[in-house]
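> Below you'll find the structure I mean.
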Amino acid sequence: MDFRSRAANELDRNLTIEANDMLVQTPPIAEQDIFSKQFREIDLRFDRSDEIFWCYMNQTSRPSYTYELGEEIQQVQDWIHSNYATNSANAADPLRYFVAASHTPGIYNLGGDLKHFADCIRRRDLGALKKYARTCVHMQYENSTAFGAPIITMALVQGDALGGGFEHALAFDILVAEKSARLGLPEILFNLFPGMGAYSFLRQRLSRKETERFILEGKLYTGAQLYDMGVVDILADDGMGEAAIVEYTKENRKRFHAERAVYRARKIANPVSLEELLEITDTWAETALYLEEADVRKMERLASAQDRRIMRSLRAV
C-alpha cells in the first residue's frame, strides 16, 4: 500500500473515499534506484554534496497537471517516503532538502487540465471532476507534509506559476521565486475558484481577508511583489534561482534541525489536513457544474493559448 492510500485509509472514519478515487495507482519503488528510472514528464537530480534532491517538471505538451505528470510525481513521493521516513534512514546517503522546479522554458506550471475540465463539465460528470481533484490534493498533502520524511521542502518558481501551478508551489515549506516570475490564481476569470489547496496554503501566509481578496481578484503578481506581501520566502535574481537555493542551504546548514522544527511547528499551529483539502476540492468540483457555456469556452480558449505558448517556447529553445 502506498503513502497516499495509507493517508486515505486514515480518513475512512470521517469521509467516504473509494479506492478508485485515486486517479493514479502506483506501487512503492523503494528497492529501485529512482535515478535510474526513465521518466517522460520529470527530470531528477540528487546533489549529494549539498544533500538536495531536485525534481524538475519537464513537459513537452501543455505544462499542466496531467495524469502522466501526476503518476511520476507520486512515484518520487513514495520513494522519498520509503527511503527517508526515519531519521536513521539512508544515513550513508543523506537528504536534507527537496526542491520542486521546472525545466519548461519560462513556465513552472500552468495549473489544471482545462480541456479535461471543460469536457467533464459538458458531460455533467461530477465523478470525473472529483476524481481528478482528489488525486491532486492527495499529492498536495504529501508535498505539504514533506512526504513524511525529516527534510525541508522548497518550490523554485522560474517563469509562470498559475492556478494549480501556484497552488502546488504554496504547499512546500519554502517558496522561492525569481523576481520576474509571474504567480497568480486566475480561475475567477471563468467563474471558478482554485480548489486544490490555494485557500488553505495561502491562508498560512496571509490573513483571511487578504486570502479571499487574492482569490476573488484573480490578479497576477511578480515574484518581487509577492515577496513584499510575505507570500514568497526567498527572492532571487532572474536566472539565479538554483544558485540562491544552494547558497541558502549552505548558509543555514548548522541550523537545519531547528529550522525544520520551526516549519513543523507552523503546521501544528496552523494545520492543513487531508480532510480539509478533500472537502474543499469536492466543493470546487460541485461549483464547476454551475459554469455556463460562455465560461467553459473561456476555459477552452485559455487552454488553446497555453498550447500555443508552449510550442513557441520550445521552438525558441
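Identifiers in this document derive from the order of the C-alpha cells: chains are assigned A, B, ..., residues are numbered from 1 separately in each chain, and ligands are numbered from 1 in order of occurrence.
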Enumerate the residues of stretch 56-231 of chain A with a DSSP assignment of strand (DSSP E or B), computed from the backbone, and present them as number ranges by chain.
A: 56-57, 97-102, 107-109, 152-157, 160-162, 174-178, 182-184, 220-222
> Selected residues, N, CA, C and O atoms, written as a compact mmCIF listing (two decimals), in the first residue's frame, please.

```
# COMPACT_ATOMS: atom_id res chain seq x y z
N TYR A 56 12.42 18.26 -11.36
CA TYR A 56 12.01 19.25 -12.35
C TYR A 56 10.85 18.71 -13.20
O TYR A 56 10.96 17.62 -13.78
N MET A 57 9.77 19.46 -13.28
CA MET A 57 8.75 19.15 -14.28
C MET A 57 9.33 19.48 -15.65
O MET A 57 9.99 20.51 -15.81
N TYR A 97 17.14 18.44 1.74
CA TYR A 97 16.26 19.38 1.04
C TYR A 97 15.69 18.72 -0.22
O TYR A 97 16.38 18.02 -0.96
N PHE A 98 14.42 18.99 -0.45
CA PHE A 98 13.76 18.59 -1.70
C PHE A 98 13.31 19.87 -2.39
O PHE A 98 12.70 20.74 -1.77
N VAL A 99 13.61 19.99 -3.69
CA VAL A 99 13.24 21.18 -4.46
C VAL A 99 12.39 20.77 -5.66
O VAL A 99 12.81 19.95 -6.48
N ALA A 100 11.20 21.36 -5.77
CA ALA A 100 10.35 21.18 -6.94
C ALA A 100 10.56 22.37 -7.86
O ALA A 100 10.41 23.53 -7.44
N ALA A 101 10.92 22.12 -9.11
CA ALA A 101 11.21 23.18 -10.06
C ALA A 101 10.71 22.75 -11.44
O ALA A 101 9.93 21.80 -11.56
N SER A 102 11.14 23.45 -12.47
CA SER A 102 10.68 23.14 -13.82
C SER A 102 11.78 23.39 -14.83
O SER A 102 12.54 24.35 -14.70
N ILE A 107 8.18 28.62 -17.72
CA ILE A 107 6.95 28.14 -17.09
C ILE A 107 7.29 27.19 -15.94
O ILE A 107 8.05 26.25 -16.12
N TYR A 108 6.70 27.44 -14.78
CA TYR A 108 6.74 26.47 -13.68
C TYR A 108 5.64 25.44 -13.92
O TYR A 108 5.91 24.27 -14.15
N ASN A 109 4.40 25.88 -13.89
CA ASN A 109 3.27 25.05 -14.26
C ASN A 109 2.06 25.96 -14.43
O ASN A 109 1.89 26.91 -13.66
N ILE A 152 13.43 19.45 4.59
CA ILE A 152 12.81 20.73 4.28
C ILE A 152 12.52 20.75 2.79
O ILE A 152 13.35 20.37 1.98
N THR A 153 11.32 21.18 2.42
CA THR A 153 10.92 21.18 1.03
C THR A 153 10.82 22.61 0.49
O THR A 153 10.47 23.53 1.22
N MET A 154 11.13 22.76 -0.79
CA MET A 154 11.11 24.07 -1.44
C MET A 154 10.47 23.96 -2.81
O MET A 154 10.56 22.92 -3.47
N ALA A 155 9.85 25.04 -3.23
CA ALA A 155 9.42 25.20 -4.62
C ALA A 155 10.25 26.34 -5.21
O ALA A 155 10.40 27.39 -4.58
N LEU A 156 10.78 26.12 -6.40
CA LEU A 156 11.52 27.15 -7.12
C LEU A 156 10.73 27.55 -8.35
O LEU A 156 10.59 26.76 -9.28
N VAL A 157 10.21 28.77 -8.35
CA VAL A 157 9.39 29.26 -9.46
C VAL A 157 10.23 30.17 -10.34
O VAL A 157 10.65 31.24 -9.92
N ASP A 160 6.18 31.29 -15.11
CA ASP A 160 4.79 31.40 -14.69
C ASP A 160 4.35 30.22 -13.84
O ASP A 160 4.55 29.07 -14.20
N ALA A 161 3.72 30.52 -12.71
CA ALA A 161 3.05 29.52 -11.87
C ALA A 161 1.62 30.02 -11.68
O ALA A 161 1.37 30.91 -10.87
N LEU A 162 0.71 29.47 -12.45
CA LEU A 162 -0.66 29.98 -12.48
C LEU A 162 -1.65 28.91 -12.02
O LEU A 162 -1.45 27.72 -12.26
N ILE A 174 9.16 26.21 1.88
CA ILE A 174 9.75 27.48 1.46
C ILE A 174 9.41 27.71 -0.01
O ILE A 174 9.57 26.82 -0.84
N LEU A 175 8.93 28.90 -0.31
CA LEU A 175 8.63 29.28 -1.69
C LEU A 175 9.70 30.25 -2.18
O LEU A 175 9.86 31.34 -1.64
N VAL A 176 10.44 29.82 -3.18
CA VAL A 176 11.49 30.62 -3.79
C VAL A 176 11.00 31.06 -5.17
O VAL A 176 10.47 30.25 -5.93
N ALA A 177 11.17 32.32 -5.49
CA ALA A 177 10.75 32.81 -6.81
C ALA A 177 11.77 33.81 -7.33
O ALA A 177 12.37 34.57 -6.56
N GLU A 178 11.97 33.79 -8.64
CA GLU A 178 12.79 34.80 -9.27
C GLU A 178 11.97 36.08 -9.44
O GLU A 178 10.74 36.04 -9.48
N ARG A 182 5.93 35.13 -12.68
CA ARG A 182 4.53 35.56 -12.53
C ARG A 182 3.75 34.44 -11.84
O ARG A 182 3.77 33.29 -12.27
N LEU A 183 3.04 34.84 -10.77
CA LEU A 183 2.28 33.88 -10.00
C LEU A 183 0.88 34.44 -9.76
O LEU A 183 0.71 35.65 -9.56
N GLY A 184 -0.12 33.57 -9.77
CA GLY A 184 -1.46 34.05 -9.52
C GLY A 184 -2.50 32.96 -9.65
O GLY A 184 -2.21 31.82 -10.03
N LEU A 220 -2.44 38.63 -11.35
CA LEU A 220 -1.13 38.01 -11.43
C LEU A 220 -0.11 38.95 -10.78
O LEU A 220 -0.19 40.17 -10.93
N TYR A 221 0.84 38.38 -10.08
CA TYR A 221 1.86 39.15 -9.37
C TYR A 221 3.25 38.66 -9.77
O TYR A 221 3.43 37.50 -10.13
N THR A 222 4.20 39.55 -9.68
CA THR A 222 5.59 39.13 -9.89
C THR A 222 6.13 38.51 -8.60
O THR A 222 5.57 38.71 -7.51
```
> Mind checking which residues fall within 10 Å of A:Arg264, counting only C-alpha atoms, ignoring those fewer than 3 positions away in the same chain, and posting them as a list in words?
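Final neighbour list, sorted by chain and number: Thr145, Ala146, Pro150, Ile152, Asp173, Ala258, Glu259, Arg260, Ala261, Lys267, Ile268, Ala269, Asn270 and Pro271 of chain A.
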> Which residues in stretch 178-302 of chain A does DSSP call alpha helix (DSSP H)? List them as JSON, numbers by chain.
{"A": [198, 199, 200, 201, 202, 203, 208, 209, 210, 211, 212, 213, 214, 215, 216, 217, 223, 224, 225, 226, 227, 228, 229, 241, 242, 243, 244, 245, 246, 247, 248, 249, 250, 251, 256, 257, 258, 259, 260, 261, 262, 263, 264, 265, 266, 267, 268, 269, 274, 275, 276, 277, 278, 279, 280, 281, 282, 283, 284, 285, 286, 287, 288, 293, 294, 295, 296, 297, 298, 299, 300, 301, 302]}
> Go through stretch 52-156 of chain A and flag each residue having an atom no more than 12 Å from stretch 186-198 of chain A; for those, report the closest pair of atoms plus their distance in Å to one decimal, using only C-alpha atoms, ordered by chain and rising number, as JSON lines.

```
{"residue": "A:Tyr65", "atom": "CA", "partner": "A:Met196", "partner_atom": "CA", "distance": 11.5}
{"residue": "A:Leu110", "atom": "CA", "partner": "A:Pro186", "partner_atom": "CA", "distance": 10.4}
{"residue": "A:Gly111", "atom": "CA", "partner": "A:Pro194", "partner_atom": "CA", "distance": 9.5}
{"residue": "A:Gly112", "atom": "CA", "partner": "A:Met196", "partner_atom": "CA", "distance": 9.3}
{"residue": "A:Leu114", "atom": "CA", "partner": "A:Glu187", "partner_atom": "CA", "distance": 10.5}
{"residue": "A:Phe117", "atom": "CA", "partner": "A:Leu192", "partner_atom": "CA", "distance": 11.3}
{"residue": "A:Ala118", "atom": "CA", "partner": "A:Phe190", "partner_atom": "CA", "distance": 11.1}
{"residue": "A:Leu129", "atom": "CA", "partner": "A:Gly195", "partner_atom": "CA", "distance": 11.4}
{"residue": "A:Lys130", "atom": "CA", "partner": "A:Gly195", "partner_atom": "CA", "distance": 10.8}
{"residue": "A:Tyr132", "atom": "CA", "partner": "A:Met196", "partner_atom": "CA", "distance": 10.2}
{"residue": "A:Ala133", "atom": "CA", "partner": "A:Met196", "partner_atom": "CA", "distance": 6.7}
{"residue": "A:Arg134", "atom": "CA", "partner": "A:Met196", "partner_atom": "CA", "distance": 8.1}
{"residue": "A:Thr135", "atom": "CA", "partner": "A:Met196", "partner_atom": "CA", "distance": 9.6}
{"residue": "A:Cys136", "atom": "CA", "partner": "A:Met196", "partner_atom": "CA", "distance": 6.7}
{"residue": "A:Val137", "atom": "CA", "partner": "A:Met196", "partner_atom": "CA", "distance": 5.6}
{"residue": "A:His138", "atom": "CA", "partner": "A:Met196", "partner_atom": "CA", "distance": 9.4}
{"residue": "A:Met139", "atom": "CA", "partner": "A:Met196", "partner_atom": "CA", "distance": 9.9}
{"residue": "A:Gln140", "atom": "CA", "partner": "A:Gly197", "partner_atom": "CA", "distance": 7.1}
{"residue": "A:Tyr141", "atom": "CA", "partner": "A:Gly197", "partner_atom": "CA", "distance": 8.6}
{"residue": "A:Glu142", "atom": "CA", "partner": "A:Gly197", "partner_atom": "CA", "distance": 11.8}
{"residue": "A:Asn143", "atom": "CA", "partner": "A:Gly197", "partner_atom": "CA", "distance": 10.9}
{"residue": "A:Ser144", "atom": "CA", "partner": "A:Gly197", "partner_atom": "CA", "distance": 9.9}
```
> Suppose you want the space between atom CA of A:Thr249 and atom CA of A:Leu69; what is it in Å?
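It comes out at 27.6 Å.
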> Counting only C-alpha atoms, what is within 8 Å of A:Asp238, bar same-chain residues fewer than 3 positions away, as a list of chain:residue names?
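That gives A:Gln158, A:Glu178, A:Lys179, A:Ser180, A:Gly241.
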> Taking N, CA, C and O atoms for each residue, export the selection above as a CSV table (one decimal), in the first residue's frame.

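And here's selection30.csv as it stands now:
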```csv
chain,number,residue,atom,x,y,z
A,158,GLN,N,10.5,29.7,-11.6
A,158,GLN,CA,11.1,30.5,-12.6
A,158,GLN,C,10.2,30.6,-13.8
A,158,GLN,O,9.9,29.6,-14.4
A,178,GLU,N,12.0,33.8,-8.6
A,178,GLU,CA,12.8,34.8,-9.3
A,178,GLU,C,12.0,36.1,-9.4
A,178,GLU,O,10.7,36.0,-9.5
A,179,LYS,N,12.7,37.2,-9.5
A,179,LYS,CA,12.0,38.5,-9.5
A,179,LYS,C,10.9,38.7,-10.5
A,179,LYS,O,9.8,39.2,-10.2
A,180,SER,N,11.1,38.3,-11.7
A,180,SER,CA,10.1,38.5,-12.8
A,180,SER,C,9.2,37.3,-13.0
A,180,SER,O,8.4,37.4,-13.9
A,241,GLY,N,17.9,31.4,-9.5
A,241,GLY,CA,17.1,30.7,-8.5
A,241,GLY,C,17.8,29.5,-7.9
A,241,GLY,O,17.8,29.3,-6.7
```
> Determine, counting only C-alpha atoms, which protein, DNA and RNA residues have an atom within 8 Å of an atom of A:Lys115; residues of the same chain fewer than 5 positions away are not included. Present the result as JSON, numbers by chain.
{"A": [299, 300, 303]}
> Store the residues picked out above, limited to all heavy atoms, as an mmCIF file, in the first residue's frame.

```cif
data_model
loop_
_atom_site.group_PDB
_atom_site.id
_atom_site.type_symbol
_atom_site.label_atom_id
_atom_site.label_comp_id
_atom_site.auth_asym_id
_atom_site.auth_seq_id
_atom_site.Cartn_x
_atom_site.Cartn_y
_atom_site.Cartn_z
ATOM 1 N N MET A 299 -12.523 28.830 -20.743
ATOM 2 C CA MET A 299 -11.590 27.831 -20.254
ATOM 3 C C MET A 299 -10.861 27.168 -21.427
ATOM 4 O O MET A 299 -9.639 26.991 -21.406
ATOM 5 C CB MET A 299 -12.378 26.785 -19.440
ATOM 6 C CG MET A 299 -11.548 25.845 -18.621
ATOM 7 S SD MET A 299 -12.605 24.663 -17.726
ATOM 8 C CE MET A 299 -13.389 25.757 -16.532
ATOM 9 N N GLU A 300 -11.603 26.830 -22.477
ATOM 10 C CA GLU A 300 -11.009 26.179 -23.642
ATOM 11 C C GLU A 300 -10.089 27.123 -24.396
ATOM 12 O O GLU A 300 -9.032 26.708 -24.892
ATOM 13 C CB GLU A 300 -12.116 25.664 -24.560
ATOM 14 C CG GLU A 300 -12.870 24.483 -23.967
ATOM 15 C CD GLU A 300 -14.042 24.041 -24.833
ATOM 16 O OE1 GLU A 300 -14.720 24.932 -25.417
ATOM 17 O OE2 GLU A 300 -14.290 22.832 -24.930
ATOM 18 N N ALA A 303 -6.850 27.231 -22.563
ATOM 19 C CA ALA A 303 -6.078 26.017 -22.808
ATOM 20 C C ALA A 303 -5.397 26.077 -24.169
ATOM 21 O O ALA A 303 -4.228 25.688 -24.315
ATOM 22 C CB ALA A 303 -6.981 24.791 -22.705
#
```
